[in-house]
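Dropping protein.txt in here (compact mmCIF, C-alpha atoms):
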# COMPACT_ATOMS: atom_id res chain seq x y z
CA MET A 642 125.26 243.05 -86.48
CA LYS A 643 123.02 242.25 -83.53
CA ASP A 644 120.87 240.00 -85.72
CA SER A 645 123.98 238.11 -86.83
CA ILE A 646 125.05 237.57 -83.22
CA LYS A 647 121.57 236.38 -82.27
CA LYS A 648 121.52 233.94 -85.18
CA PHE A 649 124.97 232.64 -84.23
CA VAL A 650 123.95 232.12 -80.59
CA LEU A 651 120.70 230.46 -81.63
CA ARG A 652 122.45 228.11 -84.03
CA THR A 653 125.04 227.24 -81.39
CA LEU A 654 122.34 226.46 -78.84
CA LEU A 655 120.43 224.36 -81.35
CA ALA A 656 123.60 222.47 -82.25
CA ALA A 657 124.38 221.88 -78.57
CA LEU A 658 120.81 220.88 -77.68
CA PRO A 659 121.24 217.16 -78.55
CA VAL A 660 124.34 217.04 -76.35
CA PHE A 661 122.51 218.61 -73.41
CA LEU A 662 119.54 216.28 -73.89
CA PHE A 663 121.85 213.26 -74.05
CA MET A 664 123.62 214.31 -70.85
CA ALA A 665 120.29 214.92 -69.11
CA PHE A 666 119.09 211.48 -70.22
CA TYR A 667 122.34 209.92 -68.95
CA ALA A 668 122.04 211.67 -65.57
CA THR A 669 118.39 210.62 -65.23
CA VAL A 670 118.90 206.98 -66.19
CA ASP A 671 122.29 206.73 -64.41
CA PRO A 672 122.94 203.34 -66.04
CA PHE A 673 126.25 202.71 -64.31
CA HIS A 674 125.15 203.99 -60.88
CA VAL A 675 127.92 206.55 -60.73
CA ILE A 676 125.68 209.51 -59.86
CA ASP A 677 123.59 207.48 -57.40
CA PRO A 678 125.67 204.44 -56.36
CA VAL A 679 124.05 201.12 -55.41
CA MET A 680 124.04 201.05 -51.62
CA SER A 681 120.54 200.07 -50.50
CA ASP A 682 119.52 196.86 -48.76
CA GLY A 683 117.14 194.43 -50.38
CA HIS A 684 116.83 192.21 -53.39
CA GLY A 685 116.56 192.89 -57.06
CA CYS A 686 115.51 196.52 -57.29
CA ASP A 687 118.86 197.81 -56.05
CA SER A 688 120.90 195.59 -58.35
CA VAL A 689 121.93 196.84 -61.77
CA ILE A 690 122.63 194.06 -64.25
CA VAL A 691 125.03 195.87 -66.55
CA GLY A 692 127.86 198.28 -65.96
CA VAL A 693 128.19 198.48 -62.17
CA ASN A 694 131.73 199.27 -61.11
CA ALA A 695 132.22 197.41 -57.82
CA GLY A 696 135.20 199.56 -56.86
CA PHE A 697 133.06 202.70 -57.14
CA THR A 698 130.33 201.12 -55.03
CA SER A 699 132.85 200.10 -52.36
CA ILE A 700 134.21 203.60 -51.91
CA GLU A 701 130.82 205.30 -52.13
CA THR A 702 129.45 202.88 -49.52
CA TYR A 703 132.33 203.75 -47.22
CA LEU A 704 131.77 207.49 -47.69
CA HIS A 705 128.02 207.12 -47.11
CA TYR A 706 128.06 204.89 -44.04
CA ASN A 707 131.40 205.37 -42.30
CA ASP A 708 130.24 208.15 -39.97
CA GLN A 709 127.58 205.76 -38.69
CA TYR A 710 129.49 202.47 -38.60
CA ARG A 711 133.11 203.55 -38.13
CA TYR A 712 134.56 200.69 -40.16
CA ASP A 713 137.74 199.09 -38.88
CA SER A 714 137.72 195.68 -40.62
CA PHE A 715 137.92 195.27 -44.38
CA ILE A 716 137.65 192.47 -46.94
CA PHE A 717 139.92 193.23 -49.90
CA GLY A 718 140.00 191.48 -53.26
CA SER A 719 138.19 190.98 -56.54
CA SER A 720 134.73 189.47 -56.95
CA MET A 721 136.36 186.27 -55.68
CA SER A 722 136.24 187.85 -52.20
CA GLN A 723 132.53 188.71 -52.13
CA ASN A 724 131.30 185.31 -50.92
CA TYR A 725 133.40 185.43 -47.76
CA LYS A 726 130.53 186.80 -45.74
CA ALA A 727 130.99 189.21 -42.89
CA SER A 728 129.00 186.84 -40.68
CA TYR A 729 131.60 184.12 -41.37
CA TRP A 730 134.52 186.37 -40.49
CA LYS A 731 133.17 188.26 -37.49
CA PRO A 732 133.43 185.40 -34.95
CA TYR A 733 137.22 185.56 -35.40
CA LEU A 734 137.28 189.32 -34.79
CA GLY A 735 134.89 189.96 -31.92
CA ASP A 736 131.55 191.72 -31.59
CA SER A 737 133.04 195.21 -31.77
CA ALA A 738 134.44 194.74 -35.29
CA SER A 739 132.78 196.85 -37.98
CA ILE A 740 133.18 195.13 -41.36
CA LEU A 741 133.04 196.44 -44.92
CA HIS A 742 133.55 194.51 -48.17
CA PHE A 743 136.05 196.72 -49.96
CA ASP A 744 136.35 194.85 -53.22
CA ALA A 745 136.55 195.72 -56.91
CA SER A 746 135.97 193.75 -60.10
CA ASN A 747 139.24 192.35 -61.44
CA GLU A 748 141.02 193.92 -58.49
CA THR A 749 144.78 194.41 -58.70
CA LEU A 750 147.50 194.71 -56.07
CA ALA A 751 147.78 198.39 -57.03
CA GLY A 752 144.04 198.76 -56.43
CA ILE A 753 144.34 197.23 -52.96
CA ILE A 754 147.21 199.58 -52.13
CA ASN A 755 145.17 202.59 -53.27
CA LYS A 756 142.17 201.50 -51.20
CA MET A 757 144.30 201.00 -48.09
CA ARG A 758 145.81 204.46 -48.51
CA PHE A 759 142.34 205.90 -49.10
CA LEU A 760 141.16 204.45 -45.79
CA ASN A 761 144.11 205.85 -43.87
CA ASN A 762 143.74 209.24 -45.56
CA HIS A 763 140.11 209.31 -44.41
CA GLY A 764 140.99 208.55 -40.80
CA SER A 765 140.19 204.82 -40.72
CA THR A 766 142.60 202.42 -39.08
CA ILE A 767 142.70 198.98 -40.69
CA LYS A 768 142.38 196.94 -37.51
CA ASN A 769 141.52 193.70 -39.32
CA ALA A 770 141.95 192.69 -42.95
CA LEU A 771 140.93 189.66 -44.97
CA ILE A 772 142.74 189.75 -48.32
CA VAL A 773 141.69 187.32 -51.06
CA ILE A 774 144.39 187.13 -53.73
CA GLU A 775 143.65 184.73 -56.55
CA VAL A 776 146.63 183.54 -58.60
CA MET A 777 145.69 185.68 -61.59
CA MET A 778 145.78 188.86 -59.46
CA LEU A 779 149.55 188.64 -58.98
CA ASP A 780 150.29 189.68 -62.56
CA ARG A 781 147.04 191.54 -63.32
CA GLN A 782 147.51 195.15 -64.35
CA PRO A 783 145.06 197.99 -63.65
CA CYS A 784 142.60 198.65 -66.48
CA GLU A 785 141.81 202.34 -66.40
CA ASP A 786 139.96 202.48 -69.72
CA ASP A 787 137.07 200.14 -68.87
CA ILE A 788 134.00 201.32 -67.01
CA LEU A 789 133.86 198.13 -64.93
CA PHE A 790 137.44 198.31 -63.72
CA VAL A 791 138.53 201.97 -63.63
CA GLN A 792 139.37 203.04 -60.09
CA HIS A 793 137.41 205.64 -58.17
CA PRO A 794 139.06 209.08 -58.36
CA ARG A 795 138.94 209.29 -54.57
CA ALA A 796 141.43 206.43 -54.52
CA THR A 797 143.66 207.61 -57.36
CA GLY A 798 143.53 211.40 -57.21
CA ALA A 799 141.02 214.18 -57.82
CA LEU A 800 142.47 214.98 -61.25
CA ASN A 801 140.99 211.72 -62.54
CA TRP A 802 137.38 212.90 -62.05
CA VAL A 803 137.12 214.39 -65.57
CA LYS A 804 138.71 211.35 -67.23
CA VAL A 805 136.63 208.83 -65.28
CA ASN A 806 133.29 210.56 -65.78
CA GLY A 807 134.10 211.09 -69.44
CA LEU A 808 134.75 207.35 -69.70
CA PHE A 809 131.31 206.50 -68.31
CA LEU A 810 129.55 209.13 -70.41
CA ASN A 811 131.27 207.92 -73.56
CA ALA A 812 130.33 204.31 -72.81
CA PHE A 813 126.68 205.31 -72.73
CA ARG A 814 126.92 206.23 -76.40
CA ASP A 815 126.86 202.50 -77.14
CA LEU A 816 123.33 201.69 -78.30
CA ASN A 817 123.43 198.41 -76.38
CA GLN A 818 123.97 200.34 -73.14
CA VAL A 819 120.98 202.56 -73.91
CA LYS A 820 118.89 199.49 -74.74
CA TYR A 821 119.82 197.74 -71.50
CA ALA A 822 119.23 200.91 -69.49
CA LEU A 823 115.70 201.13 -70.87
CA MET A 824 115.00 197.37 -71.02
CA PRO A 825 117.17 195.62 -68.41
CA SER A 826 115.24 192.35 -68.71
CA LEU A 827 116.84 191.80 -72.13
CA CYS A 828 120.28 192.07 -70.63
CA GLU A 829 119.36 189.84 -67.70
CA LYS A 830 118.29 187.07 -70.07
CA GLN A 831 121.45 187.39 -72.15
CA VAL A 832 123.72 187.21 -69.11
CA GLN A 833 121.82 184.22 -67.74
CA ASN A 834 122.25 182.45 -71.07
CA GLU A 835 126.00 182.92 -70.70
CA GLY A 836 125.84 181.11 -67.36
CA ILE A 837 126.99 184.04 -65.25
CA ILE A 838 125.30 184.23 -61.89
CA SER A 839 125.32 188.02 -61.83
CA GLY A 840 122.51 187.80 -64.35
CA ILE A 841 120.30 187.20 -61.31
CA ALA A 842 119.81 190.15 -59.00
CA PRO A 843 121.49 189.31 -55.68
CA ASN A 844 120.44 190.04 -52.15
CA ARG A 845 122.33 192.91 -50.65
CA ILE A 846 123.30 194.24 -47.23
CA GLY A 847 123.98 197.87 -48.00
CA HIS A 848 126.16 198.99 -45.09
CA LEU A 849 128.38 195.90 -45.47
CA ASN A 850 128.62 196.33 -49.26
CA GLU A 851 127.84 192.61 -49.28
CA MET A 852 126.05 190.79 -52.07
CA TYR A 853 124.89 187.21 -51.73
CA TYR A 854 122.53 184.72 -53.34
CA ALA A 855 120.17 183.47 -50.65
CA GLU A 856 117.94 181.56 -53.06
CA PHE A 857 120.82 179.81 -54.80
CA ASP A 858 122.58 179.03 -51.52
CA SER A 859 119.40 177.42 -50.20
CA ILE A 860 118.97 175.30 -53.35
CA ILE A 861 122.62 174.21 -53.33
CA ALA A 862 122.41 173.26 -49.65
CA HIS A 863 119.15 171.30 -49.85
CA ASN A 864 118.89 170.04 -53.43
CA PRO A 865 122.09 170.74 -55.39
CA ASP A 866 120.88 168.86 -58.48
CA GLU A 867 118.22 171.54 -58.91
CA TYR A 868 120.97 174.13 -59.30
CA TYR A 869 123.62 172.05 -61.04
CA THR A 870 121.46 170.99 -63.95
CA PRO A 871 123.09 169.32 -66.99
CA GLU A 872 122.77 172.62 -68.89
CA ARG A 873 124.50 174.59 -66.15
CA LEU A 874 127.22 171.98 -65.68
CA LYS A 875 127.91 172.13 -69.40
CA ARG A 876 128.45 175.88 -69.14
CA LEU A 877 130.64 175.41 -66.06
CA ARG A 878 133.12 173.23 -67.92
CA ARG A 879 136.05 175.47 -68.65
CA ILE A 880 139.13 175.12 -70.81
CA VAL A 881 141.76 173.26 -68.81
CA LEU A 882 144.77 175.49 -68.32
CA PRO A 883 148.23 174.39 -67.13
CA SER A 884 148.10 173.20 -63.54
CA VAL A 885 151.05 175.39 -62.57
CA THR A 886 151.93 178.81 -63.92
CA PRO A 887 155.40 180.29 -64.20
CA PRO A 888 156.29 182.37 -61.12
CA ALA A 889 154.39 185.66 -61.16
CA ILE A 890 156.21 187.51 -58.39
CA ASP A 891 159.00 189.52 -59.95
CA GLU A 892 160.66 192.63 -58.48
CA ASP A 893 157.70 194.88 -59.25
CA VAL A 894 155.11 192.50 -57.77
CA GLU A 895 157.31 191.91 -54.74
CA ALA A 896 157.51 195.67 -54.21
CA GLN A 897 153.69 195.91 -54.31
CA LEU A 898 153.32 193.06 -51.80
CA ARG A 899 155.85 194.69 -49.48
CA THR A 900 153.98 198.00 -49.77
CA ILE A 901 150.80 196.22 -48.65
CA LYS A 902 152.76 194.66 -45.77
CA ASP A 903 154.15 198.08 -44.75
CA ILE A 904 150.65 199.58 -44.64
CA LEU A 905 149.41 196.65 -42.57
CA ASN A 906 152.36 197.06 -40.19
CA ARG A 907 151.71 200.78 -39.78
CA ASN A 908 148.09 200.03 -38.92
CA HIS A 909 149.05 197.17 -36.58
CA THR A 910 146.58 195.11 -38.59
CA HIS A 911 145.50 191.59 -37.72
CA TYR A 912 145.26 190.10 -41.19
CA MET A 913 144.70 186.94 -43.17
CA ILE A 914 145.52 186.22 -46.83
CA ILE A 915 143.63 183.52 -48.72
CA VAL A 916 144.60 182.25 -52.18
CA PRO A 917 141.35 180.65 -53.42
CA PRO A 918 140.84 177.88 -55.96
CA CYS A 919 139.79 179.09 -59.40
CA GLY A 920 138.41 176.07 -61.15
CA THR A 921 140.83 174.89 -63.81
CA ASN A 922 142.97 178.01 -63.55
CA PRO A 923 146.64 177.56 -62.61
CA ARG A 924 147.66 176.99 -59.03
CA LEU A 925 150.14 179.11 -57.10
CA THR A 926 153.76 178.13 -57.72
CA TRP A 927 155.99 177.08 -54.85
CA HIS A 928 158.16 180.15 -55.56
CA ASP A 929 155.24 182.58 -55.29
CA LEU A 930 153.91 180.87 -52.17
CA TRP A 931 157.34 181.03 -50.56
CA MET A 932 157.67 184.71 -51.48
CA MET A 933 154.24 185.59 -50.07
CA ARG A 934 154.89 183.69 -46.86
CA SER A 935 158.33 185.23 -46.44
CA ILE A 936 156.79 188.70 -46.79
CA PHE A 937 153.60 188.29 -44.74
CA GLY A 938 154.37 185.32 -42.49
CA GLU A 939 153.72 181.64 -43.00
CA GLU A 940 150.72 181.59 -40.68
CA ARG A 941 149.12 184.51 -42.56
CA VAL A 942 149.11 183.09 -46.11
CA HIS A 943 146.83 180.15 -46.87
CA ASP A 944 146.99 178.61 -50.33
CA PHE A 945 143.93 176.69 -51.51
CA SER A 946 144.60 177.18 -55.22
CA GLY A 947 145.54 173.54 -55.78
CA VAL A 948 143.10 171.66 -53.56
CA PRO A 949 141.89 168.86 -55.89
CA GLU A 950 138.41 168.44 -54.41
CA LEU A 951 137.79 172.13 -55.10
CA VAL A 952 139.73 172.77 -58.29
CA ASN A 953 138.30 169.74 -60.11
CA ASN A 954 134.75 169.94 -58.75
CA GLU A 955 132.33 172.01 -60.82
CA ARG A 956 129.70 171.74 -58.09
CA VAL A 957 131.49 174.14 -55.78
CA TYR A 958 131.23 177.15 -58.13
CA TYR A 959 128.31 179.41 -58.90
CA ASP A 960 129.34 180.04 -62.50
CA HIS A 961 132.00 179.58 -65.15
CA ALA A 962 133.90 182.58 -63.75
CA ALA A 963 134.85 180.27 -60.83
CA HIS A 964 133.15 182.18 -58.03
CA LEU A 965 133.31 179.72 -55.15
CA ILE A 966 129.98 179.09 -53.40
CA SER A 967 129.65 180.77 -50.02
CA ALA A 968 129.58 177.48 -48.05
CA LYS A 969 133.03 176.61 -49.38
CA CYS A 970 134.28 180.14 -48.68
CA LYS A 971 133.28 179.62 -45.05
CA MET A 972 135.14 176.29 -45.05
CA LEU A 973 138.32 177.96 -46.33
CA LEU A 974 138.03 180.78 -43.82
CA ASP A 975 137.58 178.37 -40.92
CA SER A 976 140.49 176.26 -42.15
CA ALA A 977 142.77 179.27 -42.49
CA TYR A 978 142.10 180.52 -38.98
CA HIS A 979 142.53 177.03 -37.55
CA ASP A 980 145.83 176.65 -39.40
CA MET A 981 146.97 180.10 -38.30
CA ALA A 982 146.44 179.17 -34.66
CA THR A 983 148.53 176.01 -34.97
CA MET A 984 151.20 177.46 -37.27
CA GLY A 985 151.77 180.36 -34.92
CA ILE A 986 152.82 177.90 -32.24
CA ARG A 987 154.63 175.42 -34.47
CA ASN A 988 156.61 177.75 -36.72
CA PRO A 989 157.59 181.17 -35.37
CA TYR A 990 160.33 181.86 -37.96
CA TYR A 991 158.37 184.10 -40.36
CA ARG A 992 158.08 187.41 -38.56
Show me this structure written as structure tokens.
Amino acid sequence: MKDSIKKFVLRTLLAALPVFLFMAFYATVDPFHVIDPVMSDGHGCDSVIVGVNAGFTSIETYLHYNDQYRYDSFIFGSSMSQNYKASYWKPYLGDSASILHFDASNETLAGIINKMRFLNNHGSTIKNALIVIEVMMLDRQPCEDDILFVQHPRATGALNWVKVNGLFLNAFRDLNQVKYALMPSLCEKQVQNEGIISGIAPNRIGHLNEMYYAEFDSIIAHNPDEYYTPERLKRLRRIVLPSVTPPAIDEDVEAQLRTIKDILNRNHTHYMIIVPPCGTNPRLTWHDLWMMRSIFGEERVHDFSGVPELVNNERVYYDHAAHLISAKCKMLLDSAYHDMATMGIRNPYYR
């Protein structure tokens, strides 16, 4: 009897050994930077080419640094918000402002709401907010089954820990993920060939959760033809979509926008909303612009989605995903704050 039990235990352990080895390999490699999130300063070595969930990094950066920096000013949005640098925004806030990029890939309105509630639940007051809402965000739904877009359990509830970690672990079963974890240079080359700038490791300011491309910005500023080569321009040419979409703000979206407004009101937040250009993507409809301005205030919502010199100019984007270069992000930020100052005097009816 004892021998039978020993044989059963031994066989069970042997059968489970590959699973334990796989999990140990996953924890050691940490391909998605879930166990050890990307938060360090520097260039290259702290940047993972494949599988980094920006929403995870945002929340982990907050948890790691907040005791030291006591954040009170936050930049919300998708990757479209990352090139609005803290150094561009801070002059409008004052020297005491402590800024954190609090973005997520393919961010949704629901994701922004969850992040705002997370901040309040952790004792942070949102004194200042810069919210970048591209047109496509208005009807974008959360994607909780993709490792790049699933929300951090701290923002959605502790019960999601098992589901979320199981999602990452299961994704690592893909042989391509294992290959890229062991040989990241192969992935870097593939992503570069697709014309996506994230194939190049960015510079990073850890405590700001800010990524930027110092080398590319320098080339674009001093010799743009060196960056916008014929090959790159060919990749930047996107399918032309309708210039105007149908209205996206229905009752559900309006409720989400009003929830964001309520949170901002409760925090007495000084805030700005920018609707950026997205290459040939549709512009904001007059209905949606009117709705957003009626909810947040005319002087708070600044629509650049249809500016011709930006929408139709391939030389103002880093890549075919329509990430606006940082110099143009600064231009939009400066324009929005200038307009806010004049609108506040000229039109006081949206309150």
Using all atoms listed in the file, which of A:Asp786, A:Glu748, A:Glu895, A:Asp903 sits nearest Asn806 in chain A?
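So, comparing all the options, the nearest one is A:Asp786.
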Produce a table with one row for each residue of range 724-809 of chain A that has an atom at most 10 Å from any atom of range 851-872 of chain A, each row naming the nearest atom pair and its distance in Å at one decimal; use all atoms listed in the file; arrange rows by chain and rising residue number; format as JSON lines.
{"residue": "A:Asn724", "atom": "CA", "partner": "A:Tyr853", "partner_atom": "CA", "distance": 6.7}
{"residue": "A:Tyr725", "atom": "CA", "partner": "A:Glu851", "partner_atom": "CA", "distance": 9.2}
{"residue": "A:Lys726", "atom": "CA", "partner": "A:Glu851", "partner_atom": "CA", "distance": 7.3}
{"residue": "A:Ala727", "atom": "CA", "partner": "A:Glu851", "partner_atom": "CA", "distance": 7.9}
{"residue": "A:Ile740", "atom": "CA", "partner": "A:Glu851", "partner_atom": "CA", "distance": 9.9}
{"residue": "A:Leu741", "atom": "CA", "partner": "A:Glu851", "partner_atom": "CA", "distance": 7.8}
{"residue": "A:His742", "atom": "CA", "partner": "A:Glu851", "partner_atom": "CA", "distance": 6.1}
{"residue": "A:Phe743", "atom": "CA", "partner": "A:Glu851", "partner_atom": "CA", "distance": 9.2}
{"residue": "A:Asp744", "atom": "CA", "partner": "A:Glu851", "partner_atom": "CA", "distance": 9.6}
Got a sec to check which residues sit within 10 Å of (146.5, 197.4, -55.5), counting all atoms listed in the file, and write them as a short mmCIF file (atom, residue, chain, number, x, y, z; two decimals) with C-alpha atoms, in the frame of the given file?
data_model
loop_
_atom_site.label_atom_id
_atom_site.label_comp_id
_atom_site.auth_asym_id
_atom_site.auth_seq_id
_atom_site.Cartn_x
_atom_site.Cartn_y
_atom_site.Cartn_z
CA PHE A 717 139.92 193.23 -49.90
CA GLY A 718 140.00 191.48 -53.26
CA GLU A 748 141.02 193.92 -58.49
CA THR A 749 144.78 194.41 -58.70
CA LEU A 750 147.50 194.71 -56.07
CA ALA A 751 147.78 198.39 -57.03
CA GLY A 752 144.04 198.76 -56.43
CA ILE A 753 144.34 197.23 -52.96
CA ILE A 754 147.21 199.58 -52.13
CA ASN A 755 145.17 202.59 -53.27
CA LYS A 756 142.17 201.50 -51.20
CA MET A 757 144.30 201.00 -48.09
CA ARG A 758 145.81 204.46 -48.51
CA MET A 778 145.78 188.86 -59.46
CA LEU A 779 149.55 188.64 -58.98
CA ARG A 781 147.04 191.54 -63.32
CA GLN A 782 147.51 195.15 -64.35
CA PRO A 783 145.06 197.99 -63.65
CA GLN A 897 153.69 195.91 -54.31
CA LEU A 898 153.32 193.06 -51.80
CA THR A 900 153.98 198.00 -49.77
CA ILE A 901 150.80 196.22 -48.65
#
So that I can see what lies close to Tyr958 in chain A, please list as a PyMOL selection string the residues with an atom at most 12 Å from it, counting only C-alpha atoms and leaving out residues fewer than 2 positions away in the same chain.
chain A and resi 721+724+836-838+857-858+861+865+868-869+873-874+876-879+917-921+950-956+960-970
What is the distance between CA of Arg907 in chain A and CA of Ala889 in chain A, in Å to one decimal?
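Separation between CA of Arg907 in chain A and CA of Ala889 in chain A: 26.3 Å.
Summary of the local environment: counting all atoms listed in the file, residues at most 10 Å from His793 in chain A, other than itself and those fewer than 2 positions away along its chain, are Val675, Asn694, Ala695, Gly696, Phe697, Thr698, Ser699, Ile700, Glu701, Gly752, Asn755, Lys756, Glu785, Phe790, Val791, Arg795, Ala796, Thr797, Gly798, Ala799, Asn801, Trp802, Val805 and Asn806 of chain A.
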Go ahead and save the residues from that selection, with C-alpha atoms, as a PDB file, in the frame of the given file.
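Okay, this is what ended up in part-v8.pdb:
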ATOM      1  CA  VAL A 675     127.920 206.550 -60.730  1.00  0.00           C
ATOM      2  CA  ASN A 694     131.730 199.270 -61.110  1.00  0.00           C
ATOM      3  CA  ALA A 695     132.220 197.410 -57.820  1.00  0.00           C
ATOM      4  CA  GLY A 696     135.200 199.560 -56.860  1.00  0.00           C
ATOM      5  CA  PHE A 697     133.060 202.700 -57.140  1.00  0.00           C
ATOM      6  CA  THR A 698     130.330 201.120 -55.030  1.00  0.00           C
ATOM      7  CA  SER A 699     132.850 200.100 -52.360  1.00  0.00           C
ATOM      8  CA  ILE A 700     134.210 203.600 -51.910  1.00  0.00           C
ATOM      9  CA  GLU A 701     130.820 205.300 -52.130  1.00  0.00           C
ATOM     10  CA  GLY A 752     144.040 198.760 -56.430  1.00  0.00           C
ATOM     11  CA  ASN A 755     145.170 202.590 -53.270  1.00  0.00           C
ATOM     12  CA  LYS A 756     142.170 201.500 -51.200  1.00  0.00           C
ATOM     13  CA  GLU A 785     141.810 202.340 -66.400  1.00  0.00           C
ATOM     14  CA  PHE A 790     137.440 198.310 -63.720  1.00  0.00           C
ATOM     15  CA  VAL A 791     138.530 201.970 -63.630  1.00  0.00           C
ATOM     16  CA  ARG A 795     138.940 209.290 -54.570  1.00  0.00           C
ATOM     17  CA  ALA A 796     141.430 206.430 -54.520  1.00  0.00           C
ATOM     18  CA  THR A 797     143.660 207.610 -57.360  1.00  0.00           C
ATOM     19  CA  GLY A 798     143.530 211.400 -57.210  1.00  0.00           C
ATOM     20  CA  ALA A 799     141.020 214.180 -57.820  1.00  0.00           C
ATOM     21  CA  ASN A 801     140.990 211.720 -62.540  1.00  0.00           C
ATOM     22  CA  TRP A 802     137.380 212.900 -62.050  1.00  0.00           C
ATOM     23  CA  VAL A 805     136.630 208.830 -65.280  1.00  0.00           C
ATOM     24  CA  ASN A 806     133.290 210.560 -65.780  1.00  0.00           C
TER      25      ASN A 806
END
Restricting the calculation to all atoms listed in the file, which member of A:Leu905, A:Val773, A:Val957, A:Leu760 is positioned closest to Phe937 in chain A?
A:Leu905
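For the choices A:Met981, A:Leu973, A:Ala738, A:Val948, the atom-to-atom distance to Thr766 in chain A is smallest for A:Ala738 when using all atoms listed in the file.
Using all atoms listed in the file, the nearest neighbour of Trp730 in chain A within the list A:His911, A:Arg941, A:Lys902, A:Lys971 is A:Lys971.
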Find the distance between CA of Tyr729 in chain A and CA of Asp975 in chain A and write it in Å to one decimal.
8.3 Å
Between CA of Asn850 in chain A and CA of Met972 in chain A, distance in Å (one decimal):
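These atoms are spaced 21.5 Å apart.
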Give the padded box for range 884-900 of chain A as AutoDock Vina command-line options: axis-aligned, covering all atoms listed in the file, 4 Å on each side, centre and edge lengths in Å to one decimal.
--center_x 154.4 --center_y 185.6 --center_z -56.8 --size_x 20.6 --size_y 32.8 --size_z 22.7
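Minimum atom-to-atom distance to Glu892 in chain A, evaluated using only C-alpha atoms, belongs to A:Asp780 out of A:Gly807, A:Asp780, A:Asp980, A:Ile788.
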May I ask which of the residues A:Tyr959, A:Tyr733, A:Tyr712, A:Trp927 is the closest one to Leu974 in chain A, counting all atoms listed in the file?
A:Tyr733
Can you tell me which residues surround Leu930 in chain A at a distance of at most 10 Å, considering all atoms listed in the file, apart from same-chain residues fewer than 2 positions away, and format the answer as a PyMOL selection string?
chain A and resi 888+890+916+925-928+932-936+939+942-944
Writing out the chosen residues with C-alpha atoms as a PDB file, in the frame of the given file:
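again30.pdb written:
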ATOM      1  CA  PRO A 888     156.290 182.370 -61.120  1.00  0.00           C
ATOM      2  CA  ILE A 890     156.210 187.510 -58.390  1.00  0.00           C
ATOM      3  CA  VAL A 916     144.600 182.250 -52.180  1.00  0.00           C
ATOM      4  CA  LEU A 925     150.140 179.110 -57.100  1.00  0.00           C
ATOM      5  CA  THR A 926     153.760 178.130 -57.720  1.00  0.00           C
ATOM      6  CA  TRP A 927     155.990 177.080 -54.850  1.00  0.00           C
ATOM      7  CA  HIS A 928     158.160 180.150 -55.560  1.00  0.00           C
ATOM      8  CA  MET A 932     157.670 184.710 -51.480  1.00  0.00           C
ATOM      9  CA  MET A 933     154.240 185.590 -50.070  1.00  0.00           C
ATOM     10  CA  ARG A 934     154.890 183.690 -46.860  1.00  0.00           C
ATOM     11  CA  SER A 935     158.330 185.230 -46.440  1.00  0.00           C
ATOM     12  CA  ILE A 936     156.790 188.700 -46.790  1.00  0.00           C
ATOM     13  CA  GLU A 939     153.720 181.640 -43.000  1.00  0.00           C
ATOM     14  CA  VAL A 942     149.110 183.090 -46.110  1.00  0.00           C
ATOM     15  CA  HIS A 943     146.830 180.150 -46.870  1.00  0.00           C
ATOM     16  CA  ASP A 944     146.990 178.610 -50.330  1.00  0.00           C
TER      17      ASP A 944
END
